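What follows is one structure encoded as C-alpha cells, with my remarks underneath.
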Amino acid sequence: MSLNSFGHLFRVATWGESHGPALGATVDGVPPGVAVDAGMLQHWLDRRKPGQNRYTTQRQEPDQVEILSGVFEGKTTGTSVQLMIRNTDQRSKDYSEIAEKFRPGHADITYWQKYGIRDYRGGGRSSARETAARVAAGGLARAALDHLAPGIEIKGYMVQMGPHKMNRDRFDWDQIEQNPFWVPDAQAAGDWADYLDALRKSGNSVGAVVEVVARGVPAGLGAPIYGKLDTDLAAAMMSINAVKGVEIGEGMAAAELTGEANADEIFMGNDGQPVYSSNHAGGILGGISTGQDVVVRFAVKPTSSILKPRQTITKSGEATEIITKGRHDPCVGIRAVPVGEAMMACVILDHLLLHRGQIGDAGGKIG
Ligand SMILES: Cc1cc2nc3c(=O)[nH]c(=O)nc-3n(C[C@H](O)[C@H](O)[C@H](O)COP(=O)(O)O)c2cc1C
C-alpha cells in the first residue's frame with residue numbers, strides 16, 4: 001500500500017510531521033532535462049508561507065526547500081527528486097492538553113481510533129504543514145510543464161469567503177496578486193478584509209471557496225472510465241486539508257440547468273481548431289480535456305482551532321472543554337490557494353505524461 005503517494009507516472013510521496021526534524025516529498029517519474037533549482041521551487045513555497053499578512057497565522061516557518069537528489073548541473077536527470085524542508089520552529093512546548101483532549105474538527109480522534117498512537121505535536125502528520133511538500137512538488141511539476149508543453153498557465157484564487165461571494169462581473173486577473181486573499185475583485189478584497197478582521201478579533205474563523213484554472217491545456221489529456229482527468233483532479237483537491245467539497249466546471253449548479261442551457265456549443269474556429277460557446281463542462285468531456293480552460297473549485301471548511309470554547313472528550317472518555325490557543329489562520333482558504341495550484345500542476349503533468357506514453361502524436365484530427 002502506498003497511502004502517502006499520488007499520481008501515476010509523475011508520482012509524489014510526501015513524508016514528515018509538523019514537529020519532526022523535516023518534511024518533504026520524493027518525486028518519481030520526473031522527465032529528464034528540466035531546468036530547475038531550489039529558488040524556482042522557493043518562489044511557490046513563499047506564496048504558501050505563513051505570516052505574510054495579518055490574515056494568515058503569524059507562526060514563523062521559513063519553509064526553505066532543499067533539493068537532495070535527481071538534479072545535476074541545474075537539470076533533472078530522470079531519477080527521483082528528493083525535496084526537503086526543515087522544520088525550524090520545534091520549540092518544546094506543553095502539548096499535554098492536546099495529547100489528552102481531542103480537538104473538535106481536527107484528526108486527533110480519528111488518528112487515535114485508527115492507529116492507537118499519534119504524534120500530537122501540532123497535529124503531526126495531519127497538520128497542513130504537509131502541504132508545503134506538495135507545493136514544492138507542484139513547483140517541480142510546473143517546471144516540467146514549461147519544458148514539455150510551454151504555454152500552460154495555472155492560477156488559483158478565492159471566489160468566496162464565508163457567505164460573501166466575489167462579483168464575477170468585476171473579474172480582474174491582475175487583482176489576484178494585489179490583495180492578501182488572491183481574489184480577482186478589488187472591491188471584494190476590501191469588504192473581506194473588514195469582515196475577516198472582525199472575525200479574527202472575536203477569536204472565530206470562516207470557510208472559503210477556491211477556484212483553480214489551468215489555461216492552455218491541450219485537448220486529449222485524461223482517459224475514459226477509471227482514468228478520468230476530472231476523477232484525478234477531484235481526488236487531488238479533496239486530499240488537501242480542510243477541503244470538504246470539489247466541483248468541476250458548473251459543478252453542483254449543473255443540476256439546476258436545462259440541457260439546452262448547459263450545452264457548450266461547438267463551432268469551427270478560424271485557426272482550424274474547434275471553439276466552444278461556453279464552458280459549463282469545465283474543460284473536460286468524458287474524462288478527457290477539450291482544450292478549454294480546466295476549471296476546478298473546492299470548498300474549505302473554517303479553521304477548527306478557534307479561541308471559542310468547544311465541548312469535547314478526553315482519551316479516557318471524560319467530557320471536557322477546549323480552547324485551541326496558539327496562532328492560527330482565521331480563514332485557511334487563503335493559504336489553500338497555492339496548494340490547489342500545486343495539485344493542479346501535478347495532475348496535469350501526470351496526465352500529459354500518460355498521454356505521451358499511450359498516444360504520442362496519434363490523436364484524431366478535425367478538418
Ligand atoms: C494551508 C492550510 C493551513 C491550515 N492551517 C490550519 C490552522 O492553522 N489551524 C487549523 O485548525 N486548521 C488548519 N488547517 C486545516 C487542518 O489541517 C485540517 O482541518 C485538519 O487536519 C483536519 O483535517 P480535515 O479538515 O481535512 O478533515 C489548514 C489547512 C490548510 C490547507
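Chain labels follow the order of the C-alpha cells: the first chain is A, the next B, and so on; residue numbering restarts at 1 in every chain, and ligands are counted from 1 in their shown order.
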What are the closest atom pairs, with distances in Å to one decimal, for all residues of chain A lying within 10 Å of ligand 1? Consider only C-alpha atoms and all ligand atoms, order rows by chain and residue number, and present the result as a Markdown table.
```
| residue | atom | partner | partner_atom_place_in_ligand_line | distance |
| --- | --- | --- | --- | --- |
| A:Arg48 | CA | ligand 1 | 1 (C) | 6.9 |
| A:Lys49 | CA | ligand 1 | 1 (C) | 8.6 |
| A:Pro50 | CA | ligand 1 | 3 (C) | 8.5 |
| A:Thr56 | CA | ligand 1 | 8 (O) | 8.3 |
| A:Thr57 | CA | ligand 1 | 8 (O) | 6.4 |
| A:Gln58 | CA | ligand 1 | 8 (O) | 9.6 |
| A:Arg59 | CA | ligand 1 | 8 (O) | 9.0 |
| A:Arg103 | CA | ligand 1 | 11 (O) | 8.8 |
| A:Pro104 | CA | ligand 1 | 22 (C) | 9.1 |
| A:Gly105 | CA | ligand 1 | 22 (C) | 6.0 |
| A:His106 | CA | ligand 1 | 22 (C) | 4.1 |
| A:Ala107 | CA | ligand 1 | 22 (C) | 4.9 |
| A:Asp108 | CA | ligand 1 | 22 (C) | 8.2 |
| A:Thr110 | CA | ligand 1 | 27 (O) | 9.5 |
| A:Gly122 | CA | ligand 1 | 9 (N) | 9.2 |
| A:Gly123 | CA | ligand 1 | 21 (O) | 7.0 |
| A:Gly124 | CA | ligand 1 | 21 (O) | 9.1 |
| A:Arg125 | CA | ligand 1 | 21 (O) | 8.4 |
| A:Ser126 | CA | ligand 1 | 21 (O) | 4.7 |
| A:Ser127 | CA | ligand 1 | 17 (O) | 4.7 |
| A:Ala128 | CA | ligand 1 | 17 (O) | 4.2 |
| A:Arg129 | CA | ligand 1 | 3 (C) | 7.0 |
| A:Glu130 | CA | ligand 1 | 1 (C) | 8.8 |
| A:Thr131 | CA | ligand 1 | 1 (C) | 6.5 |
| A:Ala132 | CA | ligand 1 | 1 (C) | 8.1 |
| A:Ser205 | CA | ligand 1 | 11 (O) | 9.2 |
| A:Met238 | CA | ligand 1 | 26 (O) | 8.2 |
| A:Ser239 | CA | ligand 1 | 26 (O) | 7.3 |
| A:Ile240 | CA | ligand 1 | 31 (C) | 5.8 |
| A:Asn241 | CA | ligand 1 | 26 (O) | 3.7 |
| A:Ala242 | CA | ligand 1 | 25 (O) | 3.2 |
| A:Val243 | CA | ligand 1 | 26 (O) | 5.7 |
| A:Lys244 | CA | ligand 1 | 26 (O) | 7.3 |
| A:Val300 | CA | ligand 1 | 31 (C) | 7.8 |
| A:Lys301 | CA | ligand 1 | 25 (O) | 6.9 |
| A:Pro302 | CA | ligand 1 | 12 (N) | 7.9 |
| A:Thr303 | CA | ligand 1 | 11 (O) | 4.5 |
| A:Ser304 | CA | ligand 1 | 11 (O) | 3.9 |
| A:Ser305 | CA | ligand 1 | 11 (O) | 3.7 |
| A:Ile306 | CA | ligand 1 | 11 (O) | 7.1 |
| A:Thr324 | CA | ligand 1 | 11 (O) | 8.2 |
| A:Gly326 | CA | ligand 1 | 8 (O) | 8.7 |
| A:Arg327 | CA | ligand 1 | 8 (O) | 6.8 |
| A:His328 | CA | ligand 1 | 8 (O) | 3.8 |
| A:Asp329 | CA | ligand 1 | 8 (O) | 4.8 |
| A:Pro330 | CA | ligand 1 | 8 (O) | 7.8 |
| A:Cys331 | CA | ligand 1 | 5 (N) | 8.3 |
| A:Val332 | CA | ligand 1 | 3 (C) | 5.0 |
| A:Gly333 | CA | ligand 1 | 31 (C) | 6.7 |
| A:Ile334 | CA | ligand 1 | 1 (C) | 7.5 |
| A:Arg335 | CA | ligand 1 | 1 (C) | 4.4 |
| A:Ala336 | CA | ligand 1 | 31 (C) | 4.5 |
| A:Val337 | CA | ligand 1 | 1 (C) | 7.9 |
| A:Pro338 | CA | ligand 1 | 1 (C) | 8.3 |
| A:Val339 | CA | ligand 1 | 1 (C) | 6.9 |
| A:Gly340 | CA | ligand 1 | 31 (C) | 8.7 |
```
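All residues in stretch 108-213 of chain A with a DSSP state of strand (DSSP E), computed from the backbone, read Glu153, Ile154, Lys155, Gly156, Tyr157, Met158, Val159, Gln160, Met161, His164, Lys165, Ala208, Val209, Val210, Glu211, Val212 and Val213 of chain A.
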Using 9 Å as the limit and counting only C-alpha atoms, can you tabulate each residue of stretch 95-210 of chain A that touches stretch 74-87 of chain A, with its shortest atom-to-atom distance in Å and the two atoms involved, as a Markdown table?
```
| residue | atom | partner | partner_atom | distance |
| --- | --- | --- | --- | --- |
| A:Ala132 | CA | A:Ile85 | CA | 8.0 |
| A:Ala133 | CA | A:Ile85 | CA | 7.5 |
| A:Ala136 | CA | A:Leu83 | CA | 7.3 |
| A:Ala137 | CA | A:Leu83 | CA | 7.7 |
```
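In this comparison, which uses only C-alpha atoms, the residue of A:Gly7, A:Gly291, A:Pro62, A:Gly363 approaching A:Gln273 most closely is A:Gly291.
Proximity to A:Lys228 at 10 Å, evaluated using only C-alpha atoms and with sequence-adjacent residues fewer than 4 positions away removed, yields Leu221, Gly222, Ala223, Pro224, Asp232, Leu233, Ala234, Ile284, Leu285, Gly286, Gly287, Ile288, Ser289 and His351 of chain A.
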### Task
Please identify all polymer residues within 10 Å of A:Arg142, counting only C-alpha atoms, omitting same-chain residues fewer than 2 positions from it, and present them as a count of residues only.
26
### Message
I need the alpha helix (DSSP H) residues of stretch 76-214 of chain A per DSSP on the backbone, written as a ChimeraX atom specification.
### Response
/A:96-100,108-115,130-148,186-201
### Task
For A:Gln187, please output as a ChimeraX atom specification all residues within 12 Å (counting only C-alpha atoms; exclusion window: fewer than 2 positions along the same chain).
/A:164-172,175,178-179,181,183-185,189-194
### Query
Hey, what's within 9 Å of A:Thr314 if we count only C-alpha atoms and toss same-chain stuff fewer than 4 positions away? As a VMD selection string, please?
chain A and resid 99 to 102 318 to 320
Once you have the residues from the selection above, write them out as an mmCIF file, in the first residue's frame, restricted to C-alpha atoms.
```
data_model
loop_
_atom_site.group_PDB
_atom_site.id
_atom_site.type_symbol
_atom_site.label_atom_id
_atom_site.label_comp_id
_atom_site.auth_asym_id
_atom_site.auth_seq_id
_atom_site.Cartn_x
_atom_site.Cartn_y
_atom_site.Cartn_z
ATOM 1 C CA ALA A 99 -2.237 14.996 23.971
ATOM 2 C CA GLU A 100 -5.159 14.202 26.258
ATOM 3 C CA LYS A 101 -8.090 16.025 24.616
ATOM 4 C CA PHE A 102 -9.420 15.566 21.076
ATOM 5 C CA GLU A 318 -14.457 12.217 30.103
ATOM 6 C CA ALA A 319 -16.400 15.271 28.987
ATOM 7 C CA THR A 320 -14.324 18.453 28.894
#
```
### Message
Measuring between only C-alpha atoms, which one of A:His19, A:Gly24, A:Asp37, A:Leu307 shows the shortest distance to A:Lys201?
### Response
A:Leu307
### Query
Between A:Leu257, A:Ala263, A:Ile322, A:Val135, which is the closest to A:Val12 once you count only C-alpha atoms?
A:Val135
### Message
So that I can check the surroundings of A:Tyr276, please list as a PyMOL selection string every protein, DNA and RNA residue that reaches within 12 Å of it, counting only C-alpha atoms and ignoring chain neighbours fewer than 2 positions away.
### Response
chain A and resi 262-269+273-274+278-283+290-293
Would you save the residues of that selection, restricted to N, CA, C and O atoms, as a PDB file, in the first residue's frame?
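Result saved to out-v7.pdb:
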```pdb
ATOM      1  N   ASN A 262     -27.101  24.101 -20.702  1.00  0.00           N
ATOM      2  CA  ASN A 262     -25.803  23.529 -20.301  1.00  0.00           C
ATOM      3  C   ASN A 262     -24.923  23.158 -21.494  1.00  0.00           C
ATOM      4  O   ASN A 262     -23.713  22.974 -21.332  1.00  0.00           O
ATOM      5  N   ALA A 263     -25.527  23.051 -22.708  1.00  0.00           N
ATOM      6  CA  ALA A 263     -24.753  22.583 -23.872  1.00  0.00           C
ATOM      7  C   ALA A 263     -23.686  23.608 -24.246  1.00  0.00           C
ATOM      8  O   ALA A 263     -23.998  24.765 -24.526  1.00  0.00           O
ATOM      9  N   ASP A 264     -22.456  23.197 -24.245  1.00  0.00           N
ATOM     10  CA  ASP A 264     -21.366  24.050 -24.737  1.00  0.00           C
ATOM     11  C   ASP A 264     -21.306  23.817 -26.255  1.00  0.00           C
ATOM     12  O   ASP A 264     -20.764  22.801 -26.706  1.00  0.00           O
ATOM     13  N   GLU A 265     -21.910  24.747 -27.023  1.00  0.00           N
ATOM     14  CA  GLU A 265     -21.995  24.537 -28.474  1.00  0.00           C
ATOM     15  C   GLU A 265     -20.612  24.611 -29.121  1.00  0.00           C
ATOM     16  O   GLU A 265     -19.744  25.349 -28.658  1.00  0.00           O
ATOM     17  N   ILE A 266     -20.463  23.855 -30.205  1.00  0.00           N
ATOM     18  CA  ILE A 266     -19.145  23.719 -30.845  1.00  0.00           C
ATOM     19  C   ILE A 266     -19.175  24.354 -32.235  1.00  0.00           C
ATOM     20  O   ILE A 266     -20.106  24.117 -33.015  1.00  0.00           O
ATOM     21  N   PHE A 267     -18.168  25.159 -32.522  1.00  0.00           N
ATOM     22  CA  PHE A 267     -18.019  25.803 -33.838  1.00  0.00           C
ATOM     23  C   PHE A 267     -16.598  25.563 -34.327  1.00  0.00           C
ATOM     24  O   PHE A 267     -15.712  25.209 -33.541  1.00  0.00           O
ATOM     25  N   MET A 268     -16.405  25.783 -35.614  1.00  0.00           N
ATOM     26  CA  MET A 268     -15.042  25.658 -36.138  1.00  0.00           C
ATOM     27  C   MET A 268     -14.385  27.037 -36.092  1.00  0.00           C
ATOM     28  O   MET A 268     -14.932  28.005 -36.625  1.00  0.00           O
ATOM     29  N   GLY A 269     -13.234  27.135 -35.460  1.00  0.00           N
ATOM     30  CA  GLY A 269     -12.539  28.418 -35.359  1.00  0.00           C
ATOM     31  C   GLY A 269     -11.736  28.726 -36.609  1.00  0.00           C
ATOM     32  O   GLY A 269     -11.495  27.841 -37.433  1.00  0.00           O
ATOM     33  N   GLN A 273      -9.153  25.085 -35.317  1.00  0.00           N
ATOM     34  CA  GLN A 273      -9.417  24.377 -34.052  1.00  0.00           C
ATOM     35  C   GLN A 273     -10.857  24.614 -33.639  1.00  0.00           C
ATOM     36  O   GLN A 273     -11.400  25.691 -33.880  1.00  0.00           O
ATOM     37  N   PRO A 274     -11.498  23.621 -33.002  1.00  0.00           N
ATOM     38  CA  PRO A 274     -12.863  23.850 -32.522  1.00  0.00           C
ATOM     39  C   PRO A 274     -12.910  24.922 -31.435  1.00  0.00           C
ATOM     40  O   PRO A 274     -11.958  25.041 -30.649  1.00  0.00           O
ATOM     41  N   SER A 278     -19.361  28.220 -24.669  1.00  0.00           N
ATOM     42  CA  SER A 278     -19.332  28.376 -23.204  1.00  0.00           C
ATOM     43  C   SER A 278     -18.497  27.225 -22.635  1.00  0.00           C
ATOM     44  O   SER A 278     -18.005  26.385 -23.395  1.00  0.00           O
ATOM     45  N   ASN A 279     -18.354  27.220 -21.307  1.00  0.00           N
ATOM     46  CA  ASN A 279     -17.521  26.168 -20.695  1.00  0.00           C
ATOM     47  C   ASN A 279     -18.173  25.621 -19.428  1.00  0.00           C
ATOM     48  O   ASN A 279     -17.570  25.614 -18.354  1.00  0.00           O
ATOM     49  N   HIS A 280     -19.428  25.199 -19.557  1.00  0.00           N
ATOM     50  CA  HIS A 280     -20.098  24.593 -18.391  1.00  0.00           C
ATOM     51  C   HIS A 280     -19.383  23.319 -17.958  1.00  0.00           C
ATOM     52  O   HIS A 280     -19.428  22.926 -16.796  1.00  0.00           O
ATOM     53  N   ALA A 281     -18.743  22.637 -18.919  1.00  0.00           N
ATOM     54  CA  ALA A 281     -18.092  21.344 -18.624  1.00  0.00           C
ATOM     55  C   ALA A 281     -16.787  21.509 -17.853  1.00  0.00           C
ATOM     56  O   ALA A 281     -16.208  20.513 -17.410  1.00  0.00           O
ATOM     57  N   GLY A 282     -16.310  22.740 -17.712  1.00  0.00           N
ATOM     58  CA  GLY A 282     -15.037  22.943 -17.014  1.00  0.00           C
ATOM     59  C   GLY A 282     -13.866  22.353 -17.772  1.00  0.00           C
ATOM     60  O   GLY A 282     -12.853  21.957 -17.175  1.00  0.00           O
ATOM     61  N   GLY A 283     -13.987  22.316 -19.104  1.00  0.00           N
ATOM     62  CA  GLY A 283     -12.845  21.897 -19.932  1.00  0.00           C
ATOM     63  C   GLY A 283     -12.614  20.402 -19.996  1.00  0.00           C
ATOM     64  O   GLY A 283     -11.545  19.968 -20.456  1.00  0.00           O
ATOM     65  N   THR A 290     -10.806  19.195 -23.235  1.00  0.00           N
ATOM     66  CA  THR A 290     -11.322  19.684 -24.516  1.00  0.00           C
ATOM     67  C   THR A 290     -10.393  20.708 -25.166  1.00  0.00           C
ATOM     68  O   THR A 290     -10.585  21.081 -26.319  1.00  0.00           O
ATOM     69  N   GLY A 291      -9.435  21.209 -24.380  1.00  0.00           N
ATOM     70  CA  GLY A 291      -8.602  22.317 -24.863  1.00  0.00           C
ATOM     71  C   GLY A 291      -9.068  23.653 -24.302  1.00  0.00           C
ATOM     72  O   GLY A 291      -8.374  24.659 -24.436  1.00  0.00           O
ATOM     73  N   GLN A 292     -10.255  23.656 -23.674  1.00  0.00           N
ATOM     74  CA  GLN A 292     -10.710  24.871 -22.974  1.00  0.00           C
ATOM     75  C   GLN A 292     -10.035  24.941 -21.607  1.00  0.00           C
ATOM     76  O   GLN A 292      -9.344  24.006 -21.190  1.00  0.00           O
ATOM     77  N   ASP A 293     -10.303  26.029 -20.875  1.00  0.00           N
ATOM     78  CA  ASP A 293      -9.775  26.129 -19.510  1.00  0.00           C
ATOM     79  C   ASP A 293     -10.295  24.957 -18.676  1.00  0.00           C
ATOM     80  O   ASP A 293     -11.496  24.642 -18.715  1.00  0.00           O
TER      81      ASP A 293
END
```
